[in-house]
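Chemist: Structure provided below as structure tokens; questions to follow.
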Amino acid sequence: MPVQNTEIADIFNKVADLLDIEAANPFRVAAYRRAARTFRGMTPNAADMVAEGRDLTKLAGIGDDLAEKIREIIETGTLGQLEALERRLPTGLYDLLRIPGLGPRKVRALHDQLGIADVGALKRAARSGDVRALKGFGRKTEANLLAAIRKKKWGQPRTPWHAAEKIVQALVAYLEADDSVKQVCAAGSFRRRQSTVGDLDILVTCRRGSAIMAHFVAYEDVVRVIARGETKSSVELRGGLQVDLRKLPQIGYGAGLHYFTGSKAHNIAVRKRGQHKGLKINEYGVFDNDARIAGRTEQSLYDQVDLPYIEPELREDRGEIAAADRNELPELIRLADIRGDLHVHTRETDGQHSLEEMAAAARERGYAYLAISNHSASMTVANGLDAGRLAKSIDAIDALDAQMDDFKILKSIEVDIRPDGTLDLPDEILKKLDLTICAVHSAFDLSRQKQTERILRAMDSPYFNILAHPTGRLLNTRDPYAVDLERLMEAAAARGCFMELNAHPDRLDLKALHCQMARERGVKIAINTDAHNMDSLDHMRLGIGEARRGWLEAEDVINTRPWEALKKMLPGS
DNA sequence: GCCGTTTTCGGCCCGACTGTTTTCAGTCG
């Protein structure tokens with residue numbers, strides 16, 4: 001398998017970490033981190049770009065030197081510079097850097113003066129009181145380090161967006177209950193709708209003399225106050241999530257909201273744009289010399305740098321600023337654009353509710369249609385349907401559908417793609433369906449090439465319509481299987497089939513970056529919930545969030561269309 | 001190490017809070 005972009009990013013991040021500890025020029029360190037970020041957020045494979053002879057220095061933050069290092073990584077799988085660094089410094093220092101409160105300077109002091117090379121050694125030194133004796137350290141630092149090690153805080157998994165949303169709702173309601181509070185808003189990666197969030201950034205504006213920080217740290221779920229100041233406080237909640245509260249002046253609310261929404265890369269790009277115009281942009285406003293000229297709203301800030309408003313979901317410095325400059329920002333899809341769900345299960349297999357109940361629940365949500373897509377036979381653990389049971393299910397759907405005049409129930413199946421690339425049910429029964437969802441549920445560990453060929457072969461079937469959860473990832477649980485998505489997308493575009501954005505909170509698969517890739521290649525997406533019960537139909541909004549991060553417009557999504565229009569897009573109709 | 005609306009050299013985004021400090025470095029976002 002060719003070297004992946006994420007591997008290049010990892011190597012550059014490691015180089016940056018070790019150079020940082022060696023106290024190299026901080027801008028040199030930043031250059032490696034910026035390059036790492038470029039590769040983590042890029043869809044074309046750098047290895048392919050090199051093979052095609054494309055110029056890597058056209059990429060943001062890549063100059064001659066880094067381009068050469070990228071070529072070395074692609075050819076050898078490693079970087080001599082990193083190996084040299086790792087000969088000088090123990091690799092256990094990577095873990096030390098991840099401990100909150102330890103940055104490159106302190107890690108270096110621990111290593112040089114106490115010979116500490118890993119977390120275990122730090123723990124022993126802190127317990128014996130050696131750490132507090134170092135210049136720049138003290139009793140409190142030592143105690144904080146021990147506490148952090150004990151809680152393994154640095155390895156904590158990120159919180160899924162939907163779990164963060166529950167926490168946000170409760171906390172926002174609590175803050176709003178304080179009479180002095182005027183506005184409350186959750187910013188950060190939560191507002192950008194990232195599928196997982198590392199911490200929460202809550203912003204407030206208050207009346208004069210507010211005691212909001214005291215109110216905040218008194219919240220019942222707070223287990224630890226990390227920092228408490230006039231305008232900023234940080235706490236840890238039960239469950240480990242860190243929440244930062246910032247108090248903003250009303251006059252700079254928009255600038256603060258922009259700043260704390262991020263992403264960091266987007267902010268830097270916008271601020272640089274301001275610099276070119278002689279303006280200073282910070283969390284308090286837009287300043288011309290010392291005069292504030294904008295910042296009450298986000299719009300006023302974008303106005304000053306001659307850009308239209310950019311939706312939070314797009315603020316990743318992945319082309320949105322250039323697109324805004326050309327006035328070519330996408331008009332992002334909204335929940336109200338969705339007309340039906342094409343992937344739900346019933347009690348017939350592993351769902352919790354009946355066909356009638358699921359249809360009624362879909363109708364309640366204002367949908368015009370619902371496709372019943374139960375599992376196929378080889379999913380024995382889910383009581384998958386064989387041809388006989390599917391035929392009966394088809395009759396039941398037809399019977400119920402006949403009773404409805406303003407709602408359509410569609411006959412579908414989530415048919416397994418077998419390891420050899422054949423579909424799990426015969427064509428004779430598949431042809432009786434309105435559409436099919438095709439899915440990989442087994443043999444996740446095939447080589448990248450075999451997995452890709454397996455799915456490509458399945459796509460050859462005239463009854464292949466939608467590829468379900470195309471990478472199989474489960475957030476915080478299972479990595480995506482190895483597959484060449486670019487080839488799959490090219491094939492999907494050529495064969496007129498579609499890819500799913502599975503809105504299940506642990507899947508969100510395709511992820512945003514891949515949605516953007518599909519859009520660029522003209523592959524349309526179906527956003528489906530994979531609901532196994534009525535309530536889960538509401539996961540659609542999670543899918544919409546991910547789709548918006550992936551630049552999708554209503555036009556790019558097939559289930560924004562009336563059924564008659566969608567039907568015409570399916571092969572064979 | 002990158003990069004150019006003043007630059008091929010000399011800049012590089014910016015501010016709050018903590019802890020260890022008598023005026024600030026380090027960390028964090």
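Residues in the structure tokens are named by chain (A, B, ... in the order shown) and by number from 1 within that chain; ligands are numbered from 1 in the order shown.
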I'd like the neighbourhood of Val3 (chain A) as a VMD selection string, where a residue qualifies if any of its atoms comes within 9 Å (using only C-alpha atoms (C1' of nucleotides)), though same-chain residues fewer than 5 positions away should be ignored.
Modeler: chain A and resid 8 45 to 47 73 to 75 77
Chemist: Keeping only N, CA and C atoms, write those residues as a CSV table (one decimal), in the first residue's frame.
Modeler:
chain,number,residue,atom,x,y,z
A,8,ILE,N,2.4,10.7,6.6
A,8,ILE,CA,3.2,11.9,6.4
A,8,ILE,C,3.0,12.9,7.5
A,45,ASN,N,-4.0,11.6,-2.6
A,45,ASN,CA,-2.8,11.0,-2.0
A,45,ASN,C,-1.6,11.7,-2.5
A,46,ALA,N,-0.7,12.1,-1.5
A,46,ALA,CA,0.5,12.7,-1.9
A,46,ALA,C,1.4,11.7,-2.7
A,47,ALA,N,1.3,10.4,-2.4
A,47,ALA,CA,2.0,9.4,-3.2
A,47,ALA,C,1.6,9.4,-4.6
A,73,ILE,N,9.8,10.3,2.3
A,73,ILE,CA,8.9,9.4,3.1
A,73,ILE,C,8.2,8.5,2.1
A,74,ILE,N,7.7,9.0,1.0
A,74,ILE,CA,7.0,8.1,0.0
A,74,ILE,C,7.9,7.0,-0.5
A,75,GLU,N,9.1,7.3,-0.8
A,75,GLU,CA,10.0,6.3,-1.3
A,75,GLU,C,10.5,5.3,-0.3
A,77,GLY,N,9.4,5.2,3.2
A,77,GLY,CA,8.4,5.0,4.3
A,77,GLY,C,8.9,5.6,5.6
Chemist: Could you list, as a ChimeraX atom specification, every residue within 9 Å of region 12-25 of chain B, counting only C-alpha atoms (C1' of nucleotides) and ignoring same-chain residues fewer than 6 positions away?
Modeler: /A:27,135-138,140-141,227-229,231-233,267-268,271-272,281-283 /B:2
Chemist: Restrict the selected residues to C-alpha atoms (C1' of nucleotides) and save them as a PDB file, in the first residue's frame.
Modeler:
ATOM      1  CA  PHE A  27       8.626  29.131  13.195  1.00  0.00           C
ATOM      2  CA  LYS A 135      13.681  25.937  38.198  1.00  0.00           C
ATOM      3  CA  GLY A 136      10.268  26.875  36.849  1.00  0.00           C
ATOM      4  CA  PHE A 137       8.576  23.977  38.626  1.00  0.00           C
ATOM      5  CA  GLY A 138       7.089  24.013  42.089  1.00  0.00           C
ATOM      6  CA  LYS A 140       1.740  22.892  42.577  1.00  0.00           C
ATOM      7  CA  THR A 141       3.103  21.915  39.167  1.00  0.00           C
ATOM      8  CA  ALA A 227      -8.471  28.135  35.813  1.00  0.00           C
ATOM      9  CA  ARG A 228     -10.551  31.018  36.982  1.00  0.00           C
ATOM     10  CA  GLY A 229     -10.105  34.579  35.805  1.00  0.00           C
ATOM     11  CA  THR A 231     -12.851  36.884  31.427  1.00  0.00           C
ATOM     12  CA  LYS A 232     -11.915  33.214  31.162  1.00  0.00           C
ATOM     13  CA  SER A 233     -12.459  30.160  33.322  1.00  0.00           C
ATOM     14  CA  ASN A 267      -8.677  32.341  11.867  1.00  0.00           C
ATOM     15  CA  ILE A 268      -5.049  32.687  10.928  1.00  0.00           C
ATOM     16  CA  ARG A 271      -6.254  37.534  10.238  1.00  0.00           C
ATOM     17  CA  LYS A 272      -3.521  37.496   7.617  1.00  0.00           C
ATOM     18  CA  ILE A 281      -8.063  41.265  13.994  1.00  0.00           C
ATOM     19  CA  ASN A 282      -8.290  39.692  17.423  1.00  0.00           C
ATOM     20  CA  GLU A 283     -11.017  38.349  19.699  1.00  0.00           C
TER      21      GLU A 283
ATOM     22  C1'  DC B   2       7.804  29.147   4.310  1.00  0.00           C
TER      23       DC B   2
END
Chemist: Taking 4 positions as the minimum chain separation for residues in the same chain, which residues sit within 10 Å of region 257-265 of chain A when counting only C-alpha atoms (C1' of nucleotides)? Answer as a PDB file with C-alpha atoms (C1' of nucleotides), in the first residue's frame.
Modeler:
ATOM      1  CA  ARG A  34       1.356  23.384   9.276  1.00  0.00           C
ATOM      2  CA  ARG A  37      -2.210  19.787   8.988  1.00  0.00           C
ATOM      3  CA  CYS A 185     -23.368  30.415  22.684  1.00  0.00           C
ATOM      4  CA  ALA A 186     -21.282  27.264  22.314  1.00  0.00           C
ATOM      5  CA  ALA A 187     -18.469  28.001  19.870  1.00  0.00           C
ATOM      6  CA  GLY A 188     -15.403  25.941  18.948  1.00  0.00           C
ATOM      7  CA  SER A 189     -15.468  22.614  17.143  1.00  0.00           C
ATOM      8  CA  PHE A 190     -18.972  22.061  18.512  1.00  0.00           C
ATOM      9  CA  ARG A 191     -20.289  25.006  16.516  1.00  0.00           C
ATOM     10  CA  ARG A 192     -18.343  23.853  13.476  1.00  0.00           C
ATOM     11  CA  ASP A 201     -15.916  26.700  24.390  1.00  0.00           C
ATOM     12  CA  ILE A 202     -18.896  28.613  25.753  1.00  0.00           C
ATOM     13  CA  LEU A 203     -19.222  32.356  25.205  1.00  0.00           C
ATOM     14  CA  VAL A 204     -21.362  34.768  27.207  1.00  0.00           C
ATOM     15  CA  ARG A 246     -15.303  33.285  28.031  1.00  0.00           C
ATOM     16  CA  LEU A 248     -17.074  38.884  25.929  1.00  0.00           C
ATOM     17  CA  GLY A 252     -16.835  42.732  20.242  1.00  0.00           C
ATOM     18  CA  TYR A 253     -19.191  39.773  20.431  1.00  0.00           C
ATOM     19  CA  ALA A 269      -5.964  32.945   7.254  1.00  0.00           C
ATOM     20  CA  VAL A 270      -8.597  35.610   7.950  1.00  0.00           C
ATOM     21  CA  ARG A 271      -6.254  37.534  10.238  1.00  0.00           C
ATOM     22  CA  ILE A 281      -8.063  41.265  13.994  1.00  0.00           C
ATOM     23  CA  ASN A 282      -8.290  39.692  17.423  1.00  0.00           C
ATOM     24  CA  GLU A 283     -11.017  38.349  19.699  1.00  0.00           C
ATOM     25  CA  TYR A 284     -12.119  41.897  20.577  1.00  0.00           C
ATOM     26  CA  GLY A 285     -12.700  43.315  17.156  1.00  0.00           C
ATOM     27  CA  GLY A 295     -16.616  43.273  15.517  1.00  0.00           C
ATOM     28  CA  ARG A 296     -20.136  43.492  16.866  1.00  0.00           C
ATOM     29  CA  THR A 297     -21.195  40.710  14.505  1.00  0.00           C
ATOM     30  CA  GLU A 298     -19.301  38.065  12.552  1.00  0.00           C
ATOM     31  CA  GLN A 299     -20.688  39.598   9.383  1.00  0.00           C
ATOM     32  CA  LEU A 301     -15.703  41.177  10.549  1.00  0.00           C
ATOM     33  CA  TYR A 302     -15.994  39.404   7.206  1.00  0.00           C
ATOM     34  CA  PRO A 312     -19.026  27.804  10.717  1.00  0.00           C
ATOM     35  CA  GLU A 313     -19.051  24.296   9.221  1.00  0.00           C
ATOM     36  CA  LEU A 314     -16.794  25.482   6.386  1.00  0.00           C
ATOM     37  CA  ARG A 315     -14.204  27.237   8.540  1.00  0.00           C
ATOM     38  CA  GLU A 316     -11.340  24.784   8.211  1.00  0.00           C
ATOM     39  CA  ASP A 317      -9.087  26.623   5.768  1.00  0.00           C
ATOM     40  CA  ARG A 318      -9.840  24.004   3.160  1.00  0.00           C
TER      41      ARG A 318
ATOM     42  C1'  DC B  13      -1.532  35.573  14.813  1.00  0.00           C
ATOM     43  C1'  DG B  29      -6.297  27.617  22.698  1.00  0.00           C
TER      44       DG B  29
END
Chemist: What lies within 7 Å of Gln516 (chain A) using only C-alpha atoms (C1' of nucleotides), ignoring chain neighbours under 3 positions off, as an mmCIF file with C-alpha atoms, in the first residue's frame?
Modeler:
data_model
loop_
_atom_site.group_PDB
_atom_site.id
_atom_site.type_symbol
_atom_site.label_atom_id
_atom_site.label_comp_id
_atom_site.auth_asym_id
_atom_site.auth_seq_id
_atom_site.Cartn_x
_atom_site.Cartn_y
_atom_site.Cartn_z
ATOM 1 C CA ALA A 512 -17.022 15.410 5.663
ATOM 2 C CA LEU A 513 -13.725 15.282 3.799
ATOM 3 C CA ARG A 519 -18.985 16.364 -4.631
ATOM 4 C CA GLU A 520 -15.873 17.262 -6.599
ATOM 5 C CA GLY A 550 -18.485 18.405 3.501
ATOM 6 C CA TRP A 551 -19.723 21.390 1.460
#
Chemist: Quick one: distance from CA of Val344 (chain A) to CA of Asn465 (chain A) in Å, one decimal?
Modeler: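 Taking CA of Val344 (chain A) and CA of Asn465 (chain A), their separation equals 15.7 Å.
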Chemist: From region 304-343 of chain A, collect each residue whose DSSP state is helix (DSSP H, G or I) and return the set as a list in words.
Modeler: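 DSSP on the backbone gives helix (DSSP H, G or I) at Gln304, Pro312, Glu313, Leu314, Glu320, Ile321, Ala322, Ala323, Ala324, Asp325, Leu335, Ala336 and Asp337 of chain A.
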Chemist: Can you tell me how far CA of Gln250 (chain A) sits from CA of Glu230 (chain A), in Å to one decimal?
Modeler: 15.5 Å
Chemist: Report as a list in words all protein, DNA and RNA residues lying within 9 Å of Ile226 (chain A), evaluated on only C-alpha atoms (C1' of nucleotides), omitting residues in the same chain fewer than 4 positions from it.
Modeler: Ser233, Ser234, Val235, Glu236 and Gln242 of chain A
Chemist: Neighbours of DG26 (chain B) within 9 Å (only C-alpha atoms (C1' of nucleotides); same-chain residues fewer than 5 positions away dropped), as a compact mmCIF listing (two decimals) with C-alpha atoms, in the first residue's frame?
Modeler:
# COMPACT_ATOMS: atom_id res chain seq x y z
CA GLY A 101 0.78 21.45 31.70
CA LEU A 102 3.86 20.08 30.00
CA GLY A 103 5.12 21.90 26.96
CA PRO A 104 8.42 21.60 25.12
CA ARG A 105 10.39 23.78 27.58
CA LYS A 106 9.37 21.82 30.64
CA GLY A 136 10.27 26.87 36.85
Chemist: From the set B:DC28, B:DT6, B:DG11, B:DG1, which residue has the shortest atom-to-atom contact distance to chain A, counting only C-alpha atoms (C1' of nucleotides)?
Modeler: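 Residue with the minimum atom-to-atom distance to chain A: B:DG1.
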Chemist: What's the 10 Å shell around Leu430 (chain A), counting only C-alpha atoms (C1' of nucleotides), without same-chain residues fewer than 2 positions away, as a list in words?
Modeler: Ala387, Leu390, Ala391, Lys411, Ser412, Ile413, Val415, Leu423, Asp424, Leu425, Pro426, Asp427, Glu428, Lys432, Leu433, Asp434, Leu435, Thr436, Pro462, Tyr463 and Phe464 of chain A
Chemist: From a backbone DSSP assignment, name each residue in region 160-212 of chain A labelled strand (DSSP E), as a list in words.
Modeler: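 Filtering region 160-212 of chain A to strand (DSSP E) leaves Pro160, Val181, Lys182, Gln183, Val184, Cys185, Ala186, Thr196, Val197, Asp199, Leu200, Asp201, Ile202, Leu203, Val204, Thr205 and Cys206 of chain A.
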Chemist: From the set A:Asn528, A:Thr43, A:Asn5, A:Asn25, which residue has the shortest atom-to-atom contact distance to chain B, counting only C-alpha atoms (C1' of nucleotides)?
Modeler: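 Closest to chain B of all the choices is A:Asn25.
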